[in-house]
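In what follows, a structure is listed as structure tokens, so that the remarks can point back to it.
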Amino acid sequence: MSVKPKTWKKMEQAAANYPQWVAAISGKLGEETDQGFVLQQPGVQVFEKKAKTPEEKNSSETT
């Protein structure tokens with residue numbers, strides 16, 4: 001996968017500023033290639049992944 005420099009910079013900033021982070025990739029599936037497929041109209045969003053508190057972990061285990 002390759003991304004535009006602006007998108008790469010956002011991911012570098014997330015890595016520097018957040019202890020944990022995730023990126024969500026979106027787009028339309030394009031034509032098939034030898035290595036996979038082309039993603040048309042791609043988009044990448046970067047989010048901080050917040051750690052659950054012990055209280056949140058316990059409540060999710062009981063449901």
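Every chain in the structure tokens takes a letter, A first, then B, and so on in the order presented; its residues are numbered from 1, and the ligands are numbered from 1 following the presented order.
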
Q: Within 9 Å of Lys50 (chain A), counting only C-alpha atoms, which residues show up once you throw out same-chain ones fewer than 5 positions away? Write them as a ChimeraX atom specification, please.
A: /A:18-21

Q) Suppose you want the space between CA of Lys10 (chain A) and CA of Val46 (chain A); what is it in Å? A)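 Result for CA of Lys10 (chain A) versus CA of Val46 (chain A): 7.2 Å, one decimal.
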
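For the residues A:Lys52, A:Lys4, A:Lys9, A:Lys28, ranking by smallest atom-to-atom distance to Gln40 (chain A) using only C-alpha atoms places A:Lys28 first.
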
Q) So which residues of chain A fall under strand (DSSP E or B) by DSSP, listed as a list in words? A)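 Residues of chain A classed as strand (DSSP E or B): Trp21, Val22, Ala23, Ala24, Ile25, Ser26, Gly27, Lys28, Leu29, Gly30, Glu31, Glu32, Thr33, Gly36, Phe37, Val38, Leu39, Gln40, Gln41, Pro42, Gly43, Val44, Gln45, Val46, Phe47 and Glu48 of chain A.
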
Q | Computed interatomic separation between CA of Glu32 (chain A) and CA of Met11 (chain A) (Å) | A |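 Interatomic distance here is 26.9 Å.
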
Q) Which residue out of A:Ser2, A:Thr33, A:Asn17, A:Ser59 has the minimum interatomic distance to Phe47 (chain A) when only C-alpha atoms are used? A)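 Among the listed residues, the smallest separation from Phe47 (chain A) belongs to A:Asn17.
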
If you count only C-alpha atoms, which residues fall within 12 Å of Lys6 (chain A), apart from same-chain ones fewer than 5 positions away, as a PDB file with N, CA and C atoms, in the first residue's frame?
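Done, and the output landed in result-v4.pdb:
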```
ATOM      1  N   MET A  11      -0.109   9.741  10.102  1.00  0.00           N
ATOM      2  CA  MET A  11       0.189   8.485  10.801  1.00  0.00           C
ATOM      3  C   MET A  11       1.447   8.625  11.645  1.00  0.00           C
ATOM      4  N   GLU A  12       2.438   9.346  11.163  1.00  0.00           N
ATOM      5  CA  GLU A  12       3.641   9.589  11.968  1.00  0.00           C
ATOM      6  C   GLU A  12       3.307  10.404  13.210  1.00  0.00           C
ATOM      7  N   GLN A  13       2.441  11.403  13.061  1.00  0.00           N
ATOM      8  CA  GLN A  13       2.037  12.221  14.209  1.00  0.00           C
ATOM      9  C   GLN A  13       1.270  11.386  15.227  1.00  0.00           C
ATOM     10  N   GLY A  43      -9.406   6.414   1.409  1.00  0.00           N
ATOM     11  CA  GLY A  43      -9.381   7.348   2.523  1.00  0.00           C
ATOM     12  C   GLY A  43      -8.797   6.663   3.747  1.00  0.00           C
ATOM     13  N   VAL A  44      -8.047   7.420   4.544  1.00  0.00           N
ATOM     14  CA  VAL A  44      -7.454   6.885   5.765  1.00  0.00           C
ATOM     15  C   VAL A  44      -7.777   7.846   6.901  1.00  0.00           C
ATOM     16  N   GLN A  45      -8.327   7.323   7.985  1.00  0.00           N
ATOM     17  CA  GLN A  45      -8.565   8.116   9.187  1.00  0.00           C
ATOM     18  C   GLN A  45      -7.751   7.513  10.312  1.00  0.00           C
TER      19      GLN A  45
END
```

Q | Which of chain A fall in helix (DSSP H, G or I), as a PyMOL selection string | A | chain A and resi 5-17+54-62

Q. For the atom pair CA of Glu48 (chain A) and CA of Ser26 (chain A), what is the interatomic distance in Å to one decimal place?
A.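 According to the coordinates, CA of Glu48 (chain A) and CA of Ser26 (chain A) are separated by 17.5 Å.
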
**Q.** Nearest candidate to Pro42 (chain A) (options A:Val3, A:Val22, A:Trp8, A:Ala14; using only C-alpha atoms)
**A.**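 Answer, going by the shortest atom-to-atom distance: A:Val3.
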
Q) Of the residues A:Gln35, A:Asn58, A:Thr53, A:Thr7, which is the one nearest to Ala23 (chain A), using only C-alpha atoms? A)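 Counting only C-alpha atoms, the residue closest to Ala23 (chain A) is A:Thr7.
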